[in-house]
Every structure is written in structure tokens, then in C-alpha cells.
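**Student:** My questions will all concern the structure given below.
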Amino acid sequence: MGGIFGGGATISHEENRINALQVQQSTYGTVVPVVFGTNRVAGNLIDYMDFTAIPHTKTTTSGKGGGKVTSSETTYTYEVAIIFALCEGAISHFGKVWRDKEIYSSPSELRFVAFTGAAGQQPWDYMASKHPERALCYPGTAYLAAPNLDLRNSGSLPNLNFEVYGKLIYPGSLDAHPADIIAAIIADEQIGVGFPAKYIDDLTGFRNYCTANGILFSPTYTAQTEAQEIITSLCQAANTEPVWSQGKLRLIPYGLAEVTGGGATYKPPKAPIYDITMDDFVYVEGEPPVRAKPNLVADRFNVQPIEIMNRANDYNIEPIKATDDVDVSTRGIRQADSIEMHFITQASVGQFAAQSILQRQLYTAMQYEFTLSWRHCLLDPMDVITITEKAFLGLDHHPVRIIEIEEDDEQNLRIVAEDCPEGVNSPTVYTTQAADRPSLNAAADPGDANPPILFNAPAGLTGGALVVYLAASGKSINWGGCGVWVSQDGSTYQRIGSVTAPATMGRLTADLPVPPPETETVEGGMQNPDITNILSVDLSESRGQIYNVAKEAADTYTTLSYVDGELISYKDAELTGKNCYDVSYLVRGIYGTQISAHKEGAPFIKLNEAVFKYNYAEVNSGQTIYIKLTSFNVFGKSEQPLESVERYSHIL
């Protein structure tokens, strides 16, 4: 490292400057997404301006006297004013932001201003003042705008995703209620079909069923999709069937058990509602009145996987499986194709959906076809009845669920029903714990550095050079190192280097006396070990660890350490507590340092490669310098601003 003062020749280097934003992708004419509940959404760039390059010049000085050489290097970081459209408004608000591998708790941490797409939304103030000809309201669109998005040293945009708290969030939850979602898709004229609400039957039963079972969704629709496809998918996950009956759309849960939860109670309709006997069937004498056939499923699977976007793991795709272990032990594993249900954000809801799908397709083994007269016209799809037909099939009050009703040319009702075994239609709600994958946040707060330990190294250690040793560590486990800044006057600072690993540093937890006379330094520089005293040290502040070494290693200073002005080497380090040690076999007074007594609380440093070293000139001896340490995290990011950190002083 060079000295603090510069002079002589100057060498300058400047990196190539980027003059315009490099846009990877921005789609024109794309669908504006609709977000129900809370989910993760990628924005679409809709405008940018004011791309700015900011120069940063770093100056270093090397050499001595008239041979000093000053080197300056200029690099650039970049900023841009930018607008990202997120989704259809109005929404509640925005939450987390994912920038590449970094996670921020709020858009404001990246200088974004939020617009929720509310009615009467005004243009962005920055745009109105700087570029009034481009100041648009973007009515009905939720968007984020930043006057100076930090692009760092790149001229291109980072990968940005945003947590959107969207429409119809259910009270006390982050998700939306399926009944509200489906009603909006059907009846809303802006984001839905605009189908008259009067043709939707009372949803109270469906609403109570979902509430009691904790079934809530957060779908994000980013492309045009048929309403029928959306409703079918949501109902499948909610163990419900949509049917058109008596001129209205009805949403009827498969569940036949009473359920209470979430402040609601679901009471299933009476089942069975009718017992069909031989007197009710319309059939030709001599032919079976009921025709049975296997359920038209390609295979009866015993493992049903689905895919969800787990909020607990930053909305990453996560598999959920339901397995029937009894059937697996009998027939082996028969796994169905995975079903994409990215509108599910909770593992417990995903488990419910997978279990209900598995039970229905595995245990609904048979379908039945029969014909009834018009006097049974009040029967509807999803009604549960029993059928009795003993002559051909041996059915005696066999429970079935009607899945299809069709009127034939003779005004009779052709009915298709399926098995409805007890317990199958109400899946057991299992306690579910999704895999908790560690989230690596490259923007994690590094926390402050601990107060550093500095000392002027003895000439015997440095070969006569004037060197300051600095030991630094962090208070947080996210601490990855720090920039080292030095000032002569306490106001103007120059960066002289970086610490990239915590030093092994701490404090004595007991007094260390002077050793008995026979163990002091002898003539010729040979060291006799102090085998009487114990050096007790606490390394918790740096989370440091030290280890035993061989006698030869201690005698040759492999474990060289600094203790409040004295250099010591040791052989044995006994762990006495977390990051606490009793150190013995002490070689003391190394490199001409004075053997002395040290009080409890005296500083300790293990002198290894993690200790920062800085050379200074003899003319600076006796001068007070000021030091600041700007911490960065283990990813080398989120470095603290210089003005926010503590100032320390040291006399050279």
C-alpha cells in the first residue's frame, strides 16, 4: 500500500463510458396483468429517460520521496429515470422487490414511487416537471416509477420482480377468496366477462366451504384466457364443481361433511336426497336398467403432484404431492401428471387441493348410466342419491353423485352418475410444512463493523518499514468485509483498500501477569515459553476460532498474536465456551516487544492474512489519522455510505 500523501508523476486510467440504456425486452401491446390476492409479478418497461453516467475517481500513491507516483482510475456508475407497469388497478400496495439475487422490503429502498392505479390517478410529479410532454396518468394501471434507478456499473436493467398486493384481498389474509375471484371473472365488465350477476346462484355455501377449509388463492393472469378454463381450474383446487342448473351458474362443493373454521361453518346439503329403485327406472323389460362402466380415467393414480408458488419461499415454484400409501403398497407407484396451480401460495392449500384430486380420481371407480322419467326433473348435477338394482348389478342403496343430466327425445332424463363412497369427497386436512429453503439475499444489510483494533507494528515484524495493522470484524453474520477510508483532517477521506474477511479479534477475560523471571527473553533472541500463566480470551465479537499447534509451530511464531502492545505466540488453545479460549504455552515478547502485564479487557488479535496493513512515511510519524470502515455484506454488496459510519482515530 502507498502512503497518505502523493506527489511526483501521475498516471490516469478511465474505463469506457456507456452512453445509453441497454434495454433487453419491453413488450408493446401486451396484456395488462390482473392480480387477485398477493403474488410476485415482473414489470413491463413503459418509459425511461435521463440516462446519466456518474464518474468515480480513485487515487492511490506509491513510492517515496521524489519517486512518488500518483495513479488515478475513473470508473462509472449509471442512473436512469424509469417507469414499470405492473398490473390492472386499483390494487392495495406493493411489498417486496427482488433485484437479481437481492431482496428489498419496499420499492422505496430502490427509490421507486408507487402508483396503485386508483381512479383519478395523477401523472408522476417528476415527469410532469422534467418532461411534461410525456407525463401520462396511466389510468387504471398500477405502476412504479424511479427518478434515478441505480444501475450500478452496468448500462442495462437488472432483473426486477415486485410483490403486488392486488385486488379483493380477503380480510386477515394476503390472498383472495375463490368466491370473490370467480364472481369478478364472470360479472366484472373491466377485467371479467361482464356476464349478468343475476345468473350466478347464491355462493354462500361455496364461500363457507372455502372459508372453513382455509382455501384462498392469489392468481395472476398475464394472458387472455377463457373464463371457463379459469373457473374450472379454481374449482378443481377448491374441491368444487361448477354446474349450470335451473338457469343459473352454481358452485357446489364435493364435500359432504360439516366443517367449521375461519369464522364460518359449511353445512353440506342433505345427502342422499332420493332413493332410486326399480320403480323409478325407465328401461326395456329384460335389459339392465342400470349400465355400469369403469370411470373414464386413463389410470387410477395413487400419487398426485401439483405445482404452487410458495409465498414462504419468495413465490418460487414448489411441488406438493398427495400419496395414498395403502394403494401404493398394493399396486406400486402410479403417479399422475403434475397440475400447475400457481394461484396457490400456501403449502397447506396446495396439500388440500392435491389430496382432494387424488381421492376423487382414485376411489371414484365406476360410472352408472340410467334413465328416469320427467317426474325426477328437480334432480340436479352434483346431487347425491342412492340406487337400488339387485337383479343385474346387486346394488342396494348404493350412493352415487349425479354428474350429467340430459333430456332425450321422449322427454325422459338420461343420467350419468359416479360412485360417491363415504369419506372420499371430504379430504383430510393434513398439517403441512413446506420445505423451507434458505433465501440468499444479496442485498442483506451487512450491519456495522466492530470498533477496530489498530497498532503501529514493531520494526522487527515489518523489516523496518512503518506499517499500521488494523483488525476489523462485523456485528452481523451478513458482514463480509469493509472499505477502509483514511483522512488527515477528519473531513476529506480517501479509500486505501478493503478488508475482505473478519480478523480473529477479541478481548482478554482475565488479567495476564508477567511471567516468572526464568521464562523471560534470554540473550540471543531465543524465547522461553511462559508455562505458568493462562491467556483467557473472548473472540465472540469476531466469531473467531483458534486451534492447538505443535510446539515447533509455536516456537517459530506460527500463531503470532497481538496483546495490547506485546507480540505473543502460543501452543495450546482450550475451548471454554462459545468463541472463548484459555491459551497456554506462551512465547512472549516477540520481535522486541516488551513483556508486560495485561489487564482484563485488553485487545487481542491473531495476526493472520485477515489483518489489514497500511504503510506510511516517516514524515507522518506522530500524526493523528482518522479512519472509517464502510461495511459490505458477504456478497460484496450493500456497502454502507461513508457519512453513516463511525469515525476512529489513531496516532502514527
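Residues in the C-alpha cells are numbered from 1 in each chain, the chains being A, B, ... in the order shown, and ligands are numbered from 1 in the order shown.
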Tell me which protein, DNA and RNA residues are within 9 Å of Glu639 of chain A, counting only C-alpha atoms, leaving out same-chain ones fewer than 6 positions away, and put them as a list in words.
**Tutor:** Asp445, Pro446, Cys482, Gly483, Thr630, Ser631, Phe632 and Asn633 of chain A
**Student:** Fewer than 3 positions away in the same chain doesn't count, so skip those; otherwise give me all residues within 12 Å of segment 499-501 of chain A, counting only C-alpha atoms, as a ChimeraX atom specification.
**Tutor:** /A:449,452,469-474,477-485,495-496,504-505,542-544,608-614,629-637
**Student:** Based on the selection just made, write N, CA and C atoms of those residues as a short mmCIF file (atom, residue, chain, number, x, y, z; two decimals), in the first residue's frame.
**Tutor:**
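Saved result, out_2.cif, follows:
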```
data_model
loop_
_atom_site.label_atom_id
_atom_site.label_comp_id
_atom_site.auth_asym_id
_atom_site.auth_seq_id
_atom_site.Cartn_x
_atom_site.Cartn_y
_atom_site.Cartn_z
N ALA A 449 -19.46 -2.36 11.40
CA ALA A 449 -18.22 -3.00 11.83
C ALA A 449 -18.03 -2.79 13.33
N PRO A 452 -12.51 -1.07 15.42
CA PRO A 452 -11.28 -1.77 15.01
C PRO A 452 -10.20 -1.71 16.08
N TYR A 469 -1.18 -1.80 11.52
CA TYR A 469 -2.00 -3.00 11.43
C TYR A 469 -3.42 -2.64 11.91
N LEU A 470 -4.42 -3.10 11.16
CA LEU A 470 -5.82 -2.82 11.50
C LEU A 470 -6.61 -4.12 11.47
N ALA A 471 -7.24 -4.45 12.59
CA ALA A 471 -8.10 -5.63 12.66
C ALA A 471 -9.55 -5.18 12.69
N ALA A 472 -10.35 -5.75 11.78
CA ALA A 472 -11.76 -5.37 11.69
C ALA A 472 -12.63 -6.61 11.61
N SER A 473 -13.83 -6.50 12.14
CA SER A 473 -14.83 -7.58 12.06
C SER A 473 -16.20 -6.92 12.12
N GLY A 474 -17.25 -7.72 11.93
CA GLY A 474 -18.59 -7.16 11.88
C GLY A 474 -19.50 -7.68 12.97
N ILE A 477 -23.89 -11.50 11.07
CA ILE A 477 -23.40 -12.65 10.32
C ILE A 477 -23.39 -12.36 8.83
N ASN A 478 -24.08 -11.29 8.40
CA ASN A 478 -24.07 -10.91 6.98
C ASN A 478 -22.85 -10.08 6.61
N TRP A 479 -22.01 -9.74 7.61
CA TRP A 479 -20.85 -8.89 7.37
C TRP A 479 -19.82 -9.64 6.54
N GLY A 480 -19.43 -9.06 5.40
CA GLY A 480 -18.46 -9.72 4.54
C GLY A 480 -17.14 -9.02 4.46
N GLY A 481 -17.06 -7.81 4.98
CA GLY A 481 -15.83 -7.03 4.93
C GLY A 481 -16.18 -5.56 4.97
N CYS A 482 -15.18 -4.72 4.67
CA CYS A 482 -15.42 -3.28 4.72
C CYS A 482 -14.39 -2.55 3.88
N GLY A 483 -14.79 -1.37 3.41
CA GLY A 483 -13.84 -0.46 2.82
C GLY A 483 -13.12 0.31 3.92
N VAL A 484 -11.82 0.55 3.72
CA VAL A 484 -11.02 1.28 4.71
C VAL A 484 -10.73 2.67 4.15
N TRP A 485 -11.17 3.68 4.87
CA TRP A 485 -11.02 5.07 4.45
C TRP A 485 -10.17 5.83 5.48
N ARG A 495 -10.12 6.32 0.10
CA ARG A 495 -10.20 4.86 0.30
C ARG A 495 -8.83 4.27 0.01
N ILE A 496 -8.29 3.52 0.98
CA ILE A 496 -6.95 2.97 0.82
C ILE A 496 -6.96 1.45 0.65
N THR A 504 -9.51 -12.33 13.40
CA THR A 504 -9.75 -13.06 14.64
C THR A 504 -9.34 -12.14 15.78
N MET A 505 -10.32 -11.49 16.40
CA MET A 505 -10.04 -10.45 17.38
C MET A 505 -11.01 -10.54 18.54
N SER A 542 -15.88 -11.28 16.89
CA SER A 542 -15.50 -11.62 15.51
C SER A 542 -15.91 -13.03 15.13
N ARG A 543 -16.55 -13.74 16.10
CA ARG A 543 -16.91 -15.15 15.90
C ARG A 543 -15.67 -15.96 15.51
N GLY A 544 -14.54 -15.58 16.11
CA GLY A 544 -13.26 -16.18 15.76
C GLY A 544 -13.02 -17.52 16.43
N ASN A 608 -3.03 -12.83 11.23
CA ASN A 608 -3.06 -13.65 10.03
C ASN A 608 -3.36 -12.76 8.82
N GLU A 609 -3.68 -13.40 7.68
CA GLU A 609 -3.88 -12.65 6.44
C GLU A 609 -5.12 -11.75 6.47
N ALA A 610 -6.01 -11.93 7.44
CA ALA A 610 -7.21 -11.10 7.50
C ALA A 610 -6.93 -9.71 8.07
N VAL A 611 -5.76 -9.51 8.67
CA VAL A 611 -5.41 -8.21 9.24
C VAL A 611 -4.97 -7.27 8.12
N PHE A 612 -5.55 -6.07 8.09
CA PHE A 612 -5.23 -5.08 7.07
C PHE A 612 -3.95 -4.34 7.45
N LYS A 613 -3.08 -4.12 6.46
CA LYS A 613 -1.79 -3.46 6.71
C LYS A 613 -1.66 -2.25 5.79
N TYR A 614 -1.14 -1.15 6.36
CA TYR A 614 -1.02 0.08 5.58
C TYR A 614 0.30 0.77 5.89
N LEU A 629 -14.80 2.79 8.46
CA LEU A 629 -14.97 1.46 7.88
C LEU A 629 -16.40 1.34 7.34
N THR A 630 -16.53 1.22 6.02
CA THR A 630 -17.85 1.08 5.39
C THR A 630 -18.11 -0.40 5.10
N SER A 631 -18.98 -0.99 5.88
CA SER A 631 -19.23 -2.43 5.78
C SER A 631 -19.97 -2.79 4.50
N PHE A 632 -19.66 -3.97 3.95
CA PHE A 632 -20.46 -4.57 2.88
C PHE A 632 -20.77 -6.00 3.28
N ASN A 633 -21.76 -6.60 2.61
CA ASN A 633 -22.21 -7.93 3.03
C ASN A 633 -21.37 -9.04 2.41
N VAL A 634 -21.73 -10.28 2.69
CA VAL A 634 -20.94 -11.43 2.24
C VAL A 634 -20.95 -11.59 0.73
N PHE A 635 -21.88 -10.89 0.05
CA PHE A 635 -21.90 -10.91 -1.42
C PHE A 635 -21.10 -9.75 -2.00
N GLY A 636 -20.48 -8.95 -1.13
CA GLY A 636 -19.74 -7.79 -1.60
C GLY A 636 -20.63 -6.63 -1.98
N LYS A 637 -21.88 -6.61 -1.50
CA LYS A 637 -22.84 -5.59 -1.89
C LYS A 637 -23.39 -4.86 -0.67
#
```
**Student:** For atom CA of Asp180 of chain A and atom CA of Ala322 of chain A, determine how far apart the two atoms are, in Å to one decimal place.
**Tutor:**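 These atoms are spaced 27.3 Å apart.
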**Student:** Per DSSP on the backbone, what are the alpha helix (DSSP H) residues of segment 245-341 of chain A, as a PyMOL selection string?
**Tutor:** chain A and resi 325-331
**Student:** Excluding same-chain residues fewer than 4 positions from Pro272 of chain A, what lies within 12 Å of it counting only C-alpha atoms, as a count of residues only?
**Tutor:** 19
**Student:** So, with only C-alpha atoms as the atoms that count, which of A:Tyr547, A:Tyr363, A:Tyr616, A:Tyr493 lies closest to Val467 of chain A?
**Tutor:** A:Tyr616
**Student:** Please produce, as JSON lines, a per-residue contact table for segment 277-385 of chain A versus segment 219-239 of chain A (criterion: any atom at most 8 Å away, only C-alpha atoms considered), showing the nearest atom pair and its distance in Å to one decimal, sorted by chain then residue number.
**Tutor:**
```
{"residue": "A:Met341", "atom": "CA", "partner": "A:Ala237", "partner_atom": "CA", "distance": 7.8}
{"residue": "A:His342", "atom": "CA", "partner": "A:Pro219", "partner_atom": "CA", "distance": 6.9}
{"residue": "A:Phe343", "atom": "CA", "partner": "A:Pro219", "partner_atom": "CA", "distance": 3.9}
{"residue": "A:Ile344", "atom": "CA", "partner": "A:Pro219", "partner_atom": "CA", "distance": 7.3}
{"residue": "A:Gly350", "atom": "CA", "partner": "A:Ala237", "partner_atom": "CA", "distance": 7.9}
{"residue": "A:Phe352", "atom": "CA", "partner": "A:Ala237", "partner_atom": "CA", "distance": 7.9}
{"residue": "A:Ala353", "atom": "CA", "partner": "A:Ala237", "partner_atom": "CA", "distance": 4.6}
{"residue": "A:Ala354", "atom": "CA", "partner": "A:Ala237", "partner_atom": "CA", "distance": 7.6}
{"residue": "A:Ser356", "atom": "CA", "partner": "A:Asn239", "partner_atom": "CA", "distance": 6.1}
{"residue": "A:Ile357", "atom": "CA", "partner": "A:Asn239", "partner_atom": "CA", "distance": 7.3}
```
**Student:** Would you compute the distance between atom CA of Glu133 of chain A and atom CA of Pro33 of chain A? Give it in Å to one decimal.
**Tutor:**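 Computing the Euclidean distance for atom CA of Glu133 of chain A and atom CA of Pro33 of chain A yields 26.7 Å.
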**Student:** Using only C-alpha atoms, which residues sit within 10 Å of Ala142 of chain A once same-chain residues fewer than 2 positions away are excluded, as a short mmCIF file (atom, residue, chain, number, x, y, z; two decimals) with N, CA and C atoms, in the first residue's frame?
**Tutor:**
```
data_model
loop_
_atom_site.label_atom_id
_atom_site.label_comp_id
_atom_site.auth_asym_id
_atom_site.auth_seq_id
_atom_site.Cartn_x
_atom_site.Cartn_y
_atom_site.Cartn_z
N VAL A 32 -52.33 -6.35 -19.92
CA VAL A 32 -52.08 -5.83 -18.57
C VAL A 32 -52.51 -6.90 -17.58
N PRO A 33 -51.58 -7.42 -16.77
CA PRO A 33 -51.93 -8.50 -15.84
C PRO A 33 -53.00 -8.07 -14.84
N PHE A 84 -42.16 1.29 -14.68
CA PHE A 84 -42.57 -0.10 -14.90
C PHE A 84 -44.06 -0.23 -14.65
N ALA A 85 -44.80 -0.73 -15.63
CA ALA A 85 -46.21 -1.06 -15.43
C ALA A 85 -46.30 -2.46 -14.84
N LEU A 86 -47.15 -2.63 -13.82
CA LEU A 86 -47.24 -3.92 -13.14
C LEU A 86 -48.52 -4.66 -13.46
N CYS A 87 -49.68 -4.02 -13.26
CA CYS A 87 -50.93 -4.76 -13.39
C CYS A 87 -52.11 -3.80 -13.44
N GLU A 88 -53.28 -4.40 -13.58
CA GLU A 88 -54.53 -3.65 -13.57
C GLU A 88 -54.77 -3.06 -12.17
N GLY A 89 -55.16 -1.80 -12.11
CA GLY A 89 -55.51 -1.20 -10.84
C GLY A 89 -57.02 -1.28 -10.60
N ALA A 90 -57.49 -0.89 -9.46
CA ALA A 90 -56.68 -0.43 -8.34
C ALA A 90 -56.24 -1.62 -7.49
N ILE A 91 -55.04 -1.49 -6.92
CA ILE A 91 -54.52 -2.51 -6.03
C ILE A 91 -54.36 -1.91 -4.64
N SER A 92 -53.96 -2.75 -3.68
CA SER A 92 -53.76 -2.26 -2.32
C SER A 92 -52.43 -1.52 -2.21
N HIS A 93 -51.32 -2.22 -2.43
CA HIS A 93 -50.00 -1.60 -2.36
C HIS A 93 -48.96 -2.59 -2.88
N PHE A 94 -47.69 -2.19 -2.81
CA PHE A 94 -46.58 -3.04 -3.22
C PHE A 94 -45.79 -3.48 -1.99
N ALA A 114 -44.71 4.65 -5.82
CA ALA A 114 -45.78 3.71 -6.15
C ALA A 114 -47.04 4.43 -6.60
N PHE A 115 -47.67 3.88 -7.64
CA PHE A 115 -48.98 4.34 -8.12
C PHE A 115 -49.89 3.11 -8.19
N THR A 116 -50.99 3.13 -7.45
CA THR A 116 -51.82 1.93 -7.29
C THR A 116 -52.89 1.77 -8.36
N GLY A 117 -52.97 2.69 -9.31
CA GLY A 117 -53.97 2.57 -10.36
C GLY A 117 -55.36 2.98 -9.93
N ALA A 118 -55.44 3.79 -8.88
CA ALA A 118 -56.75 4.22 -8.38
C ALA A 118 -57.40 5.21 -9.34
N GLN A 121 -56.02 8.90 -10.85
CA GLN A 121 -54.57 8.87 -10.66
C GLN A 121 -53.91 10.00 -11.44
N TYR A 138 -51.71 7.16 -16.92
CA TYR A 138 -51.85 5.70 -16.95
C TYR A 138 -53.05 5.26 -16.12
N PRO A 139 -54.24 5.71 -16.48
CA PRO A 139 -55.43 5.40 -15.67
C PRO A 139 -55.68 3.90 -15.58
N GLY A 140 -56.01 3.46 -14.39
CA GLY A 140 -56.33 2.05 -14.18
C GLY A 140 -55.15 1.12 -14.22
N LEU A 144 -44.81 1.51 -11.02
CA LEU A 144 -43.75 2.03 -10.18
C LEU A 144 -42.83 2.89 -11.03
N VAL A 164 -46.97 -7.76 -5.42
CA VAL A 164 -48.15 -6.91 -5.61
C VAL A 164 -49.26 -7.39 -4.69
N GLY A 166 -52.76 -7.20 -4.56
CA GLY A 166 -53.69 -6.85 -5.61
C GLY A 166 -55.13 -6.69 -5.17
#
```
**Student:** Apply DSSP to the structure's backbone, then extract all residues of segment 406-639 of chain A labelled strand (DSSP E) and return them as a PDB file with C-alpha atoms, in the first residue's frame.
**Tutor:**
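Saved the output as selection-v6.pdb:
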```pdb
ATOM      1  CA  GLU A 406     -79.647 -34.898 -20.490  1.00  0.00           C
ATOM      2  CA  GLU A 407     -83.205 -34.864 -21.824  1.00  0.00           C
ATOM      3  CA  LEU A 413     -83.884 -37.912 -18.317  1.00  0.00           C
ATOM      4  CA  ARG A 414     -80.694 -39.752 -19.204  1.00  0.00           C
ATOM      5  CA  ILE A 415     -78.477 -39.577 -16.136  1.00  0.00           C
ATOM      6  CA  VAL A 416     -74.784 -40.290 -15.671  1.00  0.00           C
ATOM      7  CA  ALA A 417     -73.645 -40.761 -12.068  1.00  0.00           C
ATOM      8  CA  GLU A 418     -70.433 -41.829 -10.383  1.00  0.00           C
ATOM      9  CA  ASP A 419     -69.519 -43.618  -7.192  1.00  0.00           C
ATOM     10  CA  ILE A 453      -8.056  -2.575  16.823  1.00  0.00           C
ATOM     11  CA  LEU A 454      -5.077  -0.629  15.413  1.00  0.00           C
ATOM     12  CA  PHE A 455      -1.401  -0.658  16.346  1.00  0.00           C
ATOM     13  CA  ASN A 456       1.887   0.506  14.880  1.00  0.00           C
ATOM     14  CA  VAL A 467       3.186  -0.111   8.970  1.00  0.00           C
ATOM     15  CA  VAL A 468      -0.162   0.261  10.704  1.00  0.00           C
ATOM     16  CA  TYR A 469      -2.005  -3.001  11.428  1.00  0.00           C
ATOM     17  CA  LEU A 470      -5.816  -2.819  11.504  1.00  0.00           C
ATOM     18  CA  ALA A 471      -8.100  -5.631  12.663  1.00  0.00           C
ATOM     19  CA  TRP A 479     -20.852  -8.888   7.365  1.00  0.00           C
ATOM     20  CA  GLY A 480     -18.461  -9.724   4.535  1.00  0.00           C
ATOM     21  CA  GLY A 481     -15.834  -7.030   4.925  1.00  0.00           C
ATOM     22  CA  CYS A 482     -15.418  -3.278   4.720  1.00  0.00           C
ATOM     23  CA  GLY A 483     -13.839  -0.456   2.822  1.00  0.00           C
ATOM     24  CA  VAL A 484     -11.020   1.280   4.712  1.00  0.00           C
ATOM     25  CA  TRP A 485     -11.020   5.072   4.450  1.00  0.00           C
ATOM     26  CA  VAL A 486      -8.346   7.399   5.864  1.00  0.00           C
ATOM     27  CA  SER A 487      -8.354  11.153   6.438  1.00  0.00           C
ATOM     28  CA  GLN A 494      -9.518   8.567   0.733  1.00  0.00           C
ATOM     29  CA  ARG A 495     -10.196   4.863   0.296  1.00  0.00           C
ATOM     30  CA  ILE A 496      -6.946   2.968   0.823  1.00  0.00           C
ATOM     31  CA  GLY A 497      -8.182  -0.598   0.491  1.00  0.00           C
ATOM     32  CA  SER A 498     -10.650  -3.203   1.679  1.00  0.00           C
ATOM     33  CA  VAL A 499     -10.941  -5.853   4.360  1.00  0.00           C
ATOM     34  CA  MET A 505     -10.037 -10.447  17.376  1.00  0.00           C
ATOM     35  CA  GLY A 506     -11.435 -10.068  20.861  1.00  0.00           C
ATOM     36  CA  ARG A 507     -10.710  -9.102  24.456  1.00  0.00           C
ATOM     37  CA  LEU A 508      -8.987 -10.716  27.428  1.00  0.00           C
ATOM     38  CA  PRO A 529       7.735 -20.218  26.907  1.00  0.00           C
ATOM     39  CA  ASP A 530       5.563 -18.912  29.714  1.00  0.00           C
ATOM     40  CA  LEU A 535      -4.247 -16.088  28.497  1.00  0.00           C
ATOM     41  CA  SER A 536      -8.057 -16.110  28.625  1.00  0.00           C
ATOM     42  CA  VAL A 537      -9.713 -14.500  25.611  1.00  0.00           C
ATOM     43  CA  ASP A 538     -13.244 -13.987  24.263  1.00  0.00           C
ATOM     44  CA  SER A 561      -0.777 -12.679  18.138  1.00  0.00           C
ATOM     45  CA  TYR A 562      -1.012  -9.128  19.407  1.00  0.00           C
ATOM     46  CA  VAL A 563      -1.965  -8.478  23.039  1.00  0.00           C
ATOM     47  CA  GLU A 566       3.080  -7.282  23.177  1.00  0.00           C
ATOM     48  CA  LEU A 567       3.511  -9.939  20.485  1.00  0.00           C
ATOM     49  CA  ILE A 568       2.907 -13.470  21.708  1.00  0.00           C
ATOM     50  CA  SER A 569       2.845 -16.933  20.160  1.00  0.00           C
ATOM     51  CA  TYR A 570       1.009 -19.880  21.714  1.00  0.00           C
ATOM     52  CA  LYS A 571       0.812 -23.657  21.510  1.00  0.00           C
ATOM     53  CA  ASP A 572      -2.410 -24.725  23.258  1.00  0.00           C
ATOM     54  CA  ALA A 573      -5.913 -23.217  22.920  1.00  0.00           C
ATOM     55  CA  GLU A 574      -8.579 -24.860  25.101  1.00  0.00           C
ATOM     56  CA  LEU A 575     -12.208 -24.031  24.262  1.00  0.00           C
ATOM     57  CA  THR A 576     -14.001 -22.890  27.442  1.00  0.00           C
ATOM     58  CA  GLY A 577     -17.218 -21.508  25.922  1.00  0.00           C
ATOM     59  CA  CYS A 580     -13.865 -18.352  24.379  1.00  0.00           C
ATOM     60  CA  TYR A 581     -10.429 -19.906  24.970  1.00  0.00           C
ATOM     61  CA  ASP A 582      -7.746 -20.486  27.588  1.00  0.00           C
ATOM     62  CA  VAL A 583      -4.414 -20.157  25.776  1.00  0.00           C
ATOM     63  CA  SER A 584      -1.203 -21.596  27.248  1.00  0.00           C
ATOM     64  CA  TYR A 585       2.457 -22.252  26.442  1.00  0.00           C
ATOM     65  CA  LEU A 586       3.015 -18.596  25.641  1.00  0.00           C
ATOM     66  CA  VAL A 587       6.113 -17.426  23.790  1.00  0.00           C
ATOM     67  CA  PRO A 603      -7.292  -6.199  22.961  1.00  0.00           C
ATOM     68  CA  PHE A 604      -6.253  -9.453  21.267  1.00  0.00           C
ATOM     69  CA  ILE A 605      -5.592 -10.064  17.544  1.00  0.00           C
ATOM     70  CA  LYS A 606      -4.488 -13.243  15.793  1.00  0.00           C
ATOM     71  CA  PHE A 612      -5.234  -5.079   7.065  1.00  0.00           C
ATOM     72  CA  LYS A 613      -1.793  -3.460   6.711  1.00  0.00           C
ATOM     73  CA  TYR A 614      -1.021   0.081   5.579  1.00  0.00           C
ATOM     74  CA  ASN A 615       2.406   1.623   5.011  1.00  0.00           C
ATOM     75  CA  THR A 624      -3.251  11.643  14.001  1.00  0.00           C
ATOM     76  CA  ILE A 625      -5.219   9.975  11.233  1.00  0.00           C
ATOM     77  CA  TYR A 626      -8.944   9.284  11.095  1.00  0.00           C
ATOM     78  CA  ILE A 627     -10.386   6.001   9.911  1.00  0.00           C
ATOM     79  CA  LYS A 628     -13.843   4.984   8.718  1.00  0.00           C
ATOM     80  CA  LEU A 629     -14.974   1.458   7.878  1.00  0.00           C
ATOM     81  CA  THR A 630     -17.854   1.081   5.390  1.00  0.00           C
ATOM     82  CA  SER A 631     -19.228  -2.433   5.783  1.00  0.00           C
ATOM     83  CA  PHE A 632     -20.461  -4.566   2.883  1.00  0.00           C
ATOM     84  CA  ASN A 633     -22.207  -7.931   3.034  1.00  0.00           C
TER      85      ASN A 633
END
```
**Student:** Residues within 9 Å of Ser105 of chain A, please, as a list of chain:residue names. Count only C-alpha atoms; anything in the same chain fewer than 6 positions from it doesn't count.
**Tutor:**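 Within the cut-off, the hits are A:Gly95, A:Lys96, A:Val97, A:Trp98.
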**Student:** Using only N, CA and C atoms, please write the residues we just selected to a file, as an mmCIF file, in the first residue's frame.
**Tutor:**
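New file part20.cif:
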```
data_model
loop_
_atom_site.group_PDB
_atom_site.id
_atom_site.type_symbol
_atom_site.label_atom_id
_atom_site.label_comp_id
_atom_site.auth_asym_id
_atom_site.auth_seq_id
_atom_site.Cartn_x
_atom_site.Cartn_y
_atom_site.Cartn_z
ATOM 1 N N GLY A 95 -45.185 -4.668 -2.084
ATOM 2 C CA GLY A 95 -44.391 -5.197 -0.980
ATOM 3 C C GLY A 95 -42.928 -5.341 -1.358
ATOM 4 N N LYS A 96 -42.434 -6.549 -1.294
ATOM 5 C CA LYS A 96 -41.017 -6.809 -1.550
ATOM 6 C C LYS A 96 -40.634 -6.505 -2.999
ATOM 7 N N VAL A 97 -39.327 -6.301 -3.187
ATOM 8 C CA VAL A 97 -38.759 -6.178 -4.529
ATOM 9 C C VAL A 97 -37.582 -7.137 -4.625
ATOM 10 N N TRP A 98 -37.551 -7.911 -5.718
ATOM 11 C CA TRP A 98 -36.429 -8.801 -5.989
ATOM 12 C C TRP A 98 -35.612 -8.187 -7.119
#
```
**Student:** Neighbours of Lys475 of chain A within 7 Å (only C-alpha atoms; same-chain residues fewer than 6 positions away dropped), as a PyMOL selection string?
**Tutor:** chain A and resi 447-450+541
**Student:** Go through A:Val243, A:Val23, A:Ile11, A:Ala146 one by one, measure the shortest atom-to-atom distance of each to Ile403 of chain A using only C-alpha atoms, and give the residue with the smallest value.
**Tutor:**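 Looking at the shortest contact to Ile403 of chain A, the residue is A:Val243.
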**Student:** Show me, as a PDB file with C-alpha atoms, in the first residue's frame, the residues that have an atom within 8 Å of segment 122-129 of chain A when counting only C-alpha atoms, minus same-chain residues fewer than 3 positions from it.
**Tutor:**
```pdb
ATOM      1  CA  PRO A 132     -44.364  17.420 -19.290  1.00  0.00           C
ATOM      2  CA  GLU A 133     -44.928  16.249 -22.861  1.00  0.00           C
ATOM      3  CA  ARG A 134     -44.575  12.622 -21.644  1.00  0.00           C
ATOM      4  CA  ALA A 135     -46.459  12.984 -18.355  1.00  0.00           C
ATOM      5  CA  LEU A 136     -49.306  10.470 -18.589  1.00  0.00           C
ATOM      6  CA  CYS A 137     -51.775   9.371 -15.918  1.00  0.00           C
ATOM      7  CA  TYR A 138     -51.845   5.701 -16.953  1.00  0.00           C
ATOM      8  CA  ALA A 145     -41.533   4.940 -11.185  1.00  0.00           C
ATOM      9  CA  PRO A 147     -36.344   9.191 -10.885  1.00  0.00           C
TER      10      PRO A 147
END
```
